[in-house]
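Asker: To be precise about what I am sending: the file is called structure_17.csv and holds CSV, C-alpha atoms.
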chain,number,residue,atom,x,y,z
Z,1,MET,CA,99.0,182.2,68.6
Z,2,VAL,CA,98.1,185.8,69.5
Z,3,TRP,CA,94.9,184.6,71.1
Z,4,LEU,CA,96.7,181.9,73.1
Z,5,VAL,CA,99.4,184.4,74.3
Z,6,SER,CA,96.7,187.0,75.2
Z,7,VAL,CA,94.6,184.5,77.3
Z,8,SER,CA,97.6,183.0,79.1
Z,9,LEU,CA,99.2,186.3,79.9
Z,10,GLY,CA,95.9,187.9,80.8
Z,11,LEU,CA,95.0,185.2,83.3
Z,12,ALA,CA,98.5,185.5,84.8
Z,13,VAL,CA,97.9,189.3,85.2
Z,14,VAL,CA,94.5,188.6,86.9
Z,15,VAL,CA,96.0,186.1,89.3
Z,16,ARG,CA,99.0,188.3,90.2
Z,17,PHE,CA,97.3,191.7,90.5
Z,18,GLY,CA,93.6,190.8,90.8
Z,19,LEU,CA,93.8,187.9,93.3
Z,20,GLY,CA,97.1,189.1,94.9
Z,21,ILE,CA,98.8,185.7,94.5
Z,22,PRO,CA,102.5,186.4,94.1
Z,23,ILE,CA,103.2,184.4,91.0
Z,24,PRO,CA,106.6,185.4,89.5
Z,25,LEU,CA,105.0,187.4,86.7
Z,26,MET,CA,107.4,190.3,87.1
Z,27,GLN,CA,110.4,188.0,86.7
Z,28,MET,CA,109.2,186.7,83.3
Z,29,SER,CA,112.2,186.1,81.1
Z,30,LEU,CA,113.2,184.3,77.9
Z,31,PRO,CA,113.5,180.5,78.4
Z,32,ASP,CA,116.7,178.9,77.4
Z,33,ARG,CA,115.0,176.7,74.8
Z,34,MET,CA,113.7,179.9,73.1
Z,35,GLN,CA,117.2,181.4,73.1
Z,36,ARG,CA,118.4,178.3,71.4
Z,37,ALA,CA,115.6,178.7,68.8
Z,38,PHE,CA,116.7,182.3,68.1
Z,39,ARG,CA,120.3,181.2,67.7
Z,40,TYR,CA,119.3,178.5,65.3
Z,41,ALA,CA,117.1,180.9,63.4
Z,42,LEU,CA,120.0,183.3,62.9
Z,43,LEU,CA,122.0,180.4,61.4
Z,44,LEU,CA,119.4,178.5,59.5
Z,45,GLY,CA,117.0,181.3,58.5
Z,46,PRO,CA,119.4,182.8,55.8
Z,47,LEU,CA,120.3,179.3,54.6
Z,48,LEU,CA,116.6,178.5,54.1
Z,49,ILE,CA,116.0,181.7,52.2
Z,50,VAL,CA,119.1,181.1,49.9
Z,51,ALA,CA,118.0,177.6,49.3
Z,52,ALA,CA,114.5,178.8,48.3
Z,53,ILE,CA,115.9,181.3,45.9
Z,54,ALA,CA,118.3,178.8,44.4
Z,55,ARG,CA,115.4,176.3,44.0
Z,56,TYR,CA,113.3,178.9,42.3
Z,57,ARG,CA,116.0,180.0,39.8
Z,58,TRP,CA,116.8,176.3,39.0
Z,59,ALA,CA,113.1,175.8,38.2
Z,60,LEU,CA,113.1,178.8,35.9
Z,61,ARG,CA,116.2,177.4,34.0
Z,62,ARG,CA,114.7,174.0,33.6
Z,63,ALA,CA,111.5,175.6,32.2
Z,64,GLY,CA,113.6,177.4,29.6
Z,65,TYR,CA,112.7,180.9,30.8
Z,66,GLN,CA,116.3,182.1,30.4
Z,67,THR,CA,116.3,181.2,26.6
Z,68,VAL,CA,112.9,182.5,25.5
Z,69,PRO,CA,112.9,186.3,25.0
Z,70,GLU,CA,109.1,186.4,25.0
Z,71,LEU,CA,109.0,185.1,28.6
Z,72,SER,CA,111.4,187.7,30.0
Z,73,ALA,CA,108.5,189.9,31.2
Z,74,TRP,CA,106.9,186.9,32.9
Z,75,ARG,CA,110.3,186.0,34.5
Z,76,ARG,CA,110.7,189.5,35.9
Z,77,ALA,CA,107.1,189.4,37.2
Z,78,LEU,CA,107.6,186.0,38.8
Z,79,THR,CA,110.9,187.1,40.3
Z,80,ALA,CA,109.2,190.1,41.9
Z,81,VAL,CA,106.4,187.9,43.3
Z,82,ARG,CA,108.9,185.4,44.6
Z,83,THR,CA,110.9,188.1,46.3
Z,84,ASN,CA,107.8,189.5,47.9
Z,85,ALA,CA,106.8,186.0,49.1
Z,86,LEU,CA,110.3,185.4,50.6
Z,87,THR,CA,110.1,188.8,52.4
Z,88,ALA,CA,106.7,187.9,53.7
Z,89,ARG,CA,108.0,184.5,55.0
Z,90,VAL,CA,110.8,186.2,56.8
Z,91,VAL,CA,108.4,188.7,58.5
Z,92,LEU,CA,106.0,185.8,59.3
Z,93,ALA,CA,108.9,183.8,60.8
Z,94,ILE,CA,110.0,186.6,63.0
Z,95,ALA,CA,106.5,187.3,64.2
Z,96,THR,CA,106.0,183.6,64.9
Z,97,GLY,CA,109.2,183.4,66.8
Z,98,LEU,CA,108.3,186.3,69.0
Z,99,LEU,CA,104.9,184.9,69.8
Z,100,LEU,CA,106.4,181.6,70.7
Z,101,ALA,CA,109.0,183.3,72.9
Z,102,ILE,CA,106.2,185.1,74.8
Z,103,LEU,CA,104.1,182.0,75.1
Z,104,LEU,CA,106.9,179.9,76.5
Z,105,SER,CA,107.8,182.6,78.9
Z,106,VAL,CA,104.2,182.7,80.2
Z,107,VAL,CA,104.2,178.9,80.4
Z,108,GLY,CA,107.4,179.1,82.5
Z,109,VAL,CA,105.6,181.5,84.9
Z,110,TRP,CA,102.6,179.2,85.3
Z,111,LYS,CA,104.9,176.2,86.0
Z,112,ALA,CA,106.7,178.2,88.7
Z,113,SER,CA,103.3,179.1,90.2
Z,114,ILE,CA,102.3,175.5,90.9
Z,115,PRO,CA,103.6,175.6,94.5
Z,116,LEU,CA,101.4,178.7,95.2
Z,117,LEU,CA,98.3,177.6,93.2
Z,118,SER,CA,98.1,173.9,93.6
Z,119,PRO,CA,101.0,172.3,95.6
Z,120,TRP,CA,101.8,168.7,94.5
Z,121,HIS,CA,99.3,166.3,95.8
Z,122,TRP,CA,98.6,163.7,93.1
Z,123,ASP,CA,101.8,161.7,93.5
Z,124,PRO,CA,100.3,158.8,95.5
Z,125,THR,CA,97.4,158.5,93.1
Z,126,PHE,CA,99.7,158.3,90.0
Z,127,MET,CA,102.0,155.8,91.7
Z,128,ALA,CA,99.0,153.6,92.5
Z,129,ALA,CA,97.8,154.0,89.0
Z,130,ASP,CA,101.2,152.8,87.7
Z,131,ARG,CA,101.1,149.8,89.9
Z,132,TRP,CA,97.5,148.9,88.8
Z,133,LEU,CA,98.2,149.4,85.1
Z,134,HIS,CA,101.4,147.3,85.2
Z,135,GLY,CA,100.2,144.2,87.1
Z,136,GLY,CA,101.3,145.4,90.5
Z,137,VAL,CA,104.8,146.3,89.5
Z,138,LEU,CA,106.2,149.8,89.1
Z,139,PRO,CA,107.5,150.4,85.5
Z,140,GLN,CA,110.9,151.5,87.0
Z,141,ASP,CA,111.4,148.0,88.3
Z,142,TRP,CA,111.1,146.8,84.7
Z,143,THR,CA,113.3,149.4,83.0
Z,144,ARG,CA,116.0,148.9,85.7
Z,145,GLN,CA,116.3,145.3,84.4
Z,146,TRP,CA,116.1,146.3,80.8
Z,147,PHE,CA,118.6,149.1,80.7
Z,148,GLY,CA,122.2,148.9,82.0
Z,149,PRO,CA,124.4,151.9,82.7
Z,150,SER,CA,125.3,152.5,79.1
Z,151,ALA,CA,121.7,152.3,77.9
Z,152,THR,CA,120.7,154.6,80.7
Z,153,ARG,CA,123.3,157.2,79.7
Z,154,PHE,CA,122.0,156.9,76.1
Z,155,LEU,CA,118.4,157.6,77.2
Z,156,ASP,CA,119.7,160.5,79.3
Z,157,ARG,CA,121.4,162.0,76.3
Z,158,MET,CA,118.3,161.5,74.2
Z,159,TYR,CA,116.2,163.2,76.9
Z,160,TYR,CA,118.6,166.2,77.1
Z,161,LEU,CA,118.6,166.4,73.2
Z,162,TRP,CA,114.9,167.2,73.4
Z,163,PHE,CA,115.6,170.9,74.2
Z,164,ARG,CA,117.7,171.4,71.0
Z,165,LEU,CA,115.2,169.4,68.8
Z,166,LEU,CA,112.3,171.6,70.1
Z,167,ALA,CA,114.3,174.7,69.2
Z,168,LEU,CA,115.0,173.4,65.7
Z,169,PHE,CA,111.3,172.3,65.3
Z,170,MET,CA,110.2,175.9,66.1
Z,171,VAL,CA,112.6,177.3,63.6
Z,172,TRP,CA,111.5,174.8,61.0
Z,173,GLN,CA,107.8,175.6,61.4
Z,174,SER,CA,108.3,179.3,61.7
Z,175,PHE,CA,110.1,179.5,58.3
Z,176,ARG,CA,107.7,177.1,56.5
Z,177,ALA,CA,105.5,178.6,53.8
Z,178,PRO,CA,102.0,179.3,55.0
Z,179,SER,CA,99.9,176.2,54.8
Z,180,THR,CA,97.4,174.1,56.7
Z,181,ASP,CA,100.1,171.8,58.0
Z,182,ARG,CA,102.2,174.7,59.3
Z,183,LEU,CA,99.2,176.2,61.0
Z,184,ARG,CA,98.3,172.8,62.5
Z,185,ALA,CA,101.7,172.2,63.8
Z,186,LEU,CA,102.1,175.6,65.5
Z,187,LEU,CA,98.5,175.5,66.9
Z,188,SER,CA,99.1,172.0,68.3
Z,189,LEU,CA,102.4,173.1,70.0
Z,190,GLY,CA,100.7,176.2,71.4
Z,191,LEU,CA,97.6,174.3,72.7
Z,192,ALA,CA,99.8,171.5,74.1
Z,193,TYR,CA,101.7,174.0,76.2
Z,194,THR,CA,98.6,175.9,77.2
Z,195,LEU,CA,96.2,173.1,77.9
Z,196,LEU,CA,98.6,170.4,79.0
Z,197,GLY,CA,101.6,172.4,80.3
Z,198,ASN,CA,99.5,175.1,82.0
Z,199,LEU,CA,96.0,173.9,82.9
Z,200,GLY,CA,96.8,170.2,83.2
Z,201,ALA,CA,99.9,170.7,85.3
Z,202,ILE,CA,98.0,172.8,87.8
Z,203,LEU,CA,94.9,170.6,88.0
Z,204,LEU,CA,97.0,167.4,88.2
Z,205,SER,CA,100.0,168.7,90.0
Z,206,SER,CA,102.6,166.1,90.9
Z,207,GLY,CA,106.3,166.1,91.4
Z,208,GLY,CA,107.4,162.8,90.0
Z,209,PRO,CA,109.2,159.7,91.3
Z,210,VAL,CA,112.5,161.4,92.0
Z,211,TYR,CA,110.9,163.8,94.6
Z,212,TYR,CA,108.3,161.3,95.9
Z,213,GLU,CA,109.6,161.0,99.5
Z,214,ARG,CA,110.3,164.7,99.9
Z,215,LEU,CA,106.8,165.7,98.7
Z,216,VAL,CA,104.6,162.9,100.1
Z,217,GLY,CA,106.5,162.5,103.4
Z,218,THR,CA,106.5,158.7,103.3
Z,219,PRO,CA,109.3,156.2,102.2
Z,220,SER,CA,109.6,156.3,98.5
Z,221,PRO,CA,108.8,153.2,96.5
Z,222,TYR,CA,111.3,154.5,94.0
Z,223,ALA,CA,114.3,154.3,96.4
Z,224,ALA,CA,115.8,151.3,94.5
Z,225,GLN,CA,115.6,153.2,91.2
Z,226,SER,CA,117.2,156.3,92.8
Z,227,ALA,CA,120.0,154.2,94.3
Z,228,TYR,CA,120.6,152.6,90.9
Z,229,LEU,CA,120.8,156.0,89.1
Z,230,GLU,CA,123.3,157.3,91.7
Z,231,GLY,CA,125.6,154.6,90.6
Z,232,VAL,CA,125.5,155.6,87.0
Z,233,HIS,CA,128.0,158.4,86.3
Z,234,GLY,CA,127.6,161.3,84.0
Z,235,LEU,CA,123.8,161.7,83.9
Z,236,HIS,CA,122.4,165.1,83.1
Z,237,ALA,CA,119.2,164.1,84.9
Z,238,LYS,CA,120.8,163.8,88.4
Z,239,ARG,CA,122.5,167.2,88.1
Z,240,ILE,CA,119.3,168.9,86.9
Z,241,GLN,CA,117.1,167.2,89.5
Z,242,ARG,CA,119.4,168.4,92.3
Z,243,SER,CA,119.4,171.9,90.8
Z,244,ILE,CA,115.6,172.1,90.6
Z,245,TRP,CA,115.2,171.1,94.2
Z,246,THR,CA,117.8,173.7,95.3
Z,247,TRP,CA,115.9,176.4,93.3
Z,248,LEU,CA,112.7,175.4,95.0
Z,249,GLN,CA,114.2,175.4,98.5
Z,250,THR,CA,115.8,178.9,98.0
Z,251,HIS,CA,112.7,180.3,96.2
Z,252,GLN,CA,114.8,181.1,93.1
Z,253,TYR,CA,112.9,181.7,89.9
Z,254,ILE,CA,114.4,179.9,86.9
Z,255,PRO,CA,112.3,179.6,83.7
Z,256,PHE,CA,110.9,176.1,83.7
Z,257,GLY,CA,113.0,175.4,86.8
Z,258,SER,CA,110.1,173.9,88.8
Z,259,ILE,CA,108.5,170.5,89.3
Z,260,SER,CA,105.7,169.3,87.1
Z,261,ALA,CA,105.3,165.6,86.3
Z,262,MET,CA,101.7,165.2,85.0
Z,263,PRO,CA,101.4,165.3,82.0
Z,264,SER,CA,104.9,164.8,80.6
Z,265,MET,CA,105.6,167.8,78.3
Z,266,HIS,CA,108.7,166.1,77.0
Z,267,VAL,CA,106.5,163.3,75.6
Z,268,ALA,CA,103.7,165.7,74.5
Z,269,VAL,CA,106.1,168.0,72.5
Z,270,ALA,CA,107.9,164.9,71.0
Z,271,THR,CA,104.5,163.7,69.9
Z,272,VAL,CA,103.7,167.0,68.2
Z,273,MET,CA,107.0,166.8,66.4
Z,274,ALA,CA,106.4,163.1,65.4
Z,275,LEU,CA,102.8,163.9,64.1
Z,276,THR,CA,104.1,166.9,62.1
Z,277,SER,CA,107.0,164.9,60.7
Z,278,TRP,CA,104.8,162.0,59.7
Z,279,ARG,CA,102.7,164.5,57.6
Z,280,GLN,CA,105.8,165.7,55.9
Z,281,ASN,CA,107.7,162.4,55.3
Z,282,ARG,CA,107.0,158.9,56.4
Z,283,TRP,CA,110.7,158.1,57.1
Z,284,LEU,CA,111.0,161.3,59.1
Z,285,GLY,CA,107.8,160.5,60.9
Z,286,ALA,CA,109.1,157.0,61.8
Z,287,ALA,CA,112.2,158.6,63.3
Z,288,GLY,CA,109.9,161.0,65.2
Z,289,TRP,CA,107.9,158.1,66.7
Z,290,LEU,CA,111.0,156.2,67.7
Z,291,TYR,CA,112.1,159.4,69.5
Z,292,VAL,CA,108.8,159.5,71.3
Z,293,LEU,CA,109.4,156.0,72.5
Z,294,LEU,CA,112.9,156.8,73.7
Z,295,ILE,CA,111.7,159.9,75.5
Z,296,PHE,CA,108.9,157.9,77.2
Z,297,LEU,CA,111.4,155.2,78.3
Z,298,GLY,CA,113.9,157.8,79.4
Z,299,SER,CA,111.3,159.7,81.5
Z,300,VAL,CA,110.5,156.5,83.4
Z,301,GLN,CA,114.1,155.1,83.7
Z,302,LEU,CA,115.5,158.5,84.8
Z,303,ASN,CA,112.8,158.8,87.5
Z,304,TRP,CA,111.4,162.0,86.0
Z,305,HIS,CA,107.9,160.7,85.4
Z,306,TYR,CA,105.3,158.1,86.2
Z,307,ALA,CA,104.3,156.1,83.2
Z,308,VAL,CA,100.8,157.5,83.3
Z,309,ASP,CA,102.3,160.9,82.7
Z,310,GLY,CA,103.4,159.8,79.3
Z,311,TYR,CA,100.2,157.9,78.5
Z,312,VAL,CA,98.1,161.0,79.3
Z,313,ALA,CA,100.5,163.2,77.3
Z,314,VAL,CA,100.2,161.1,74.1
Z,315,LEU,CA,96.4,160.9,74.4
Z,316,GLY,CA,96.0,164.6,75.2
Z,317,THR,CA,98.4,165.6,72.4
Z,318,TRP,CA,96.6,163.3,69.9
Z,319,LEU,CA,93.2,165.0,70.8
Z,320,ILE,CA,94.8,168.4,70.4
Z,321,TRP,CA,96.3,167.4,67.0
Z,322,ARG,CA,92.9,166.3,65.8
Z,323,ALA,CA,91.2,169.4,66.9
Z,324,SER,CA,94.0,171.6,65.5
Z,325,GLY,CA,93.5,169.9,62.1
Z,326,VAL,CA,89.8,170.8,62.0
Z,327,LEU,CA,90.5,174.4,63.1
Z,328,ALA,CA,93.4,174.8,60.7
Z,329,ARG,CA,91.4,173.6,57.7
Z,330,ARG,CA,88.5,175.9,58.5
Z,331,TRP,CA,90.7,178.9,59.0
Z,332,ARG,CA,92.6,178.3,55.8
Z,333,GLU,CA,89.3,177.9,53.8
Z,334,ARG,CA,88.2,181.4,54.9
Z,335,LEU,CA,91.3,183.0,53.4
Z,336,PRO,CA,90.8,184.9,50.1
Could you write out this file's structure as structure tokens?

Answerer:
Amino acid sequence: MVWLVSVSLGLAVVVRFGLGIPIPLMQMSLPDRMQRAFRYALLLGPLLIVAAIARYRWALRRAGYQTVPELSAWRRALTAVRTNALTARVVLAIATGLLLAILLSVVGVWKASIPLLSPWHWDPTFMAADRWLHGGVLPQDWTRQWFGPSATRFLDRMYYLWFRLLALFMVWQSFRAPSTDRLRALLSLGLAYTLLGNLGAILLSSGGPVYYERLVGTPSPYAAQSAYLEGVHGLHAKRIQRSIWTWLQTHQYIPFGSISAMPSMHVAVATVMALTSWRQNRWLGAAGWLYVLLIFLGSVQLNWHYAVDGYVAVLGTWLIWRASGVLARRWRERLP
């Protein structure tokens, strides 16, 4: 995590001060999703610690340590070890949270730098790829028939819920005991944001179906979908999409308040959460994969993304997950 933060921030400094490109590095601030994570940590962190202590003491009682005088010394020693371990986990969780905060802040800077470094120019290509992959039909023309107003609002709520689930996921992984799975999950999240959210978004810069006409300058093939969404009341997506365009027009920097469609980080992060959950529990993992499907469908139905954005996100995240597993196992094996 330190290495990823250092590389991302170091390159941003080189671009800003070495190349003289005015990316908004000086305006770097804490993203809203990280503020949520800290609030959840303040609430859930103490509860996790108390639960760990209670679980440990219950294990001691079941083992009969409280009734055998000869084991009192062992009990005191084990209690001291457990207390030190809990303290170490708290320190590790705080350090992890701070690193994630810096990493996400730098990712927000890179996303806001896309108009300066690589203005959106891949939209026609991705629109054509969607047509070709789906038999000459845009996926939005299918989802518009599948999902009525109520289902569209449900997908919108699930899409917006992603921010809170990401915050909870970061708290969960930060407070987990050191393990290969914890390391793999955090490394996958960091690499997904760095390789897909930074590098991929700049190299394959696109704005998405909702901004197609304004970015490409030709009539939008997604006009029917936009008209349909305008008739659905109470959508978070419409409000946020209008706000993002206003921020861009007024050159106002908002963390993550910029346009970046390819690859879909909503789908990528949901995939990391699903893969991690599957390793922990199969039922939890199944729920995670169902959420990936809902996020993917919502990204298309709400005109945020081309379908290929989601396909690339899942494939790229799976490759990152595989590589992170190899790295995590090697690093853990080196520990004394």

Asker: Tell me which of Z:Val15, Z:Leu183, Z:Ile114, Z:Leu189 sits closest to Z:Gly207, counting all atoms listed in the file.

Answerer: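 Closest candidate: Z:Ile114.
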
Asker: Which is closer to Z:Ala227 than all the others in Z:Asn303, Z:Asn281, Z:Ser6, Z:Ser243, using only C-alpha atoms?

Answerer: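 Of all the options, Z:Asn303 lies closest to Z:Ala227.
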
Asker: Can you tell me how far atom CA of Z:Met1 sits from atom CA of Z:Met265, in Å to one decimal?

Answerer: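 Taking atom CA of Z:Met1 as the start and atom CA of Z:Met265 as the end point, the length is 18.6 Å.
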
Asker: Give me the residues within 7 Å of Z:Met127 as JSON, numbers by chain, counting all atoms listed in the file and dropping any in the same chain fewer than 4 places off.

Answerer: {"Z": [123, 131, 306]}

Asker: So, counting all atoms listed in the file, which residue among Z:Ala52, Z:Val308, Z:Leu196, Z:Ala112 is closest to Z:Gln252?

Answerer: Z:Ala112

Asker: Determine the nearest neighbour of Z:Leu86 from the options Z:Trp245, Z:Phe175, Z:Phe169, Z:Tyr228, counting all atoms listed in the file.

Answerer: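 Of Z:Trp245, Z:Phe175, Z:Phe169, Z:Tyr228, the one nearest Z:Leu86, counting all atoms listed in the file, is Z:Phe175.
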
Asker: If you measure from atom CA of Z:Gln173 to atom CA of Z:Ala101, what distance in Å do you get, rounded to one decimal?

Answerer: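 Calculated distance between atom CA of Z:Gln173 and atom CA of Z:Ala101 is 13.9 Å.
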
Asker: Which residue, Z:Val171, Z:Leu315, Z:Leu335, Z:Thr246, has the smallest gap to Z:Met34 when you use all atoms listed in the file?

Answerer: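 Among Z:Val171, Z:Leu315, Z:Leu335, Z:Thr246, it is Z:Val171 that comes nearest to Z:Met34.
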
Asker: Between Z:Lys238, Z:Arg279, Z:Val312, Z:Trp58, single out the one closest to Z:Thr180, counting all atoms listed in the file.

Answerer: Z:Arg279

Asker: Tell me, in Å to one decimal, how far atom CA of Z:Phe256 is from atom CA of Z:Gly108.

Answerer: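 Answer for the atom CA of Z:Phe256 to atom CA of Z:Gly108 separation: 4.8 Å.
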
Asker: Tell me which residues come within 10 Å of (109.9, 159.1, 64.9), as a PyMOL selection string, counting all atoms listed in the file in the file's coordinates.

Answerer: chain Z and resi 270-271+273-275+277-278+282-294
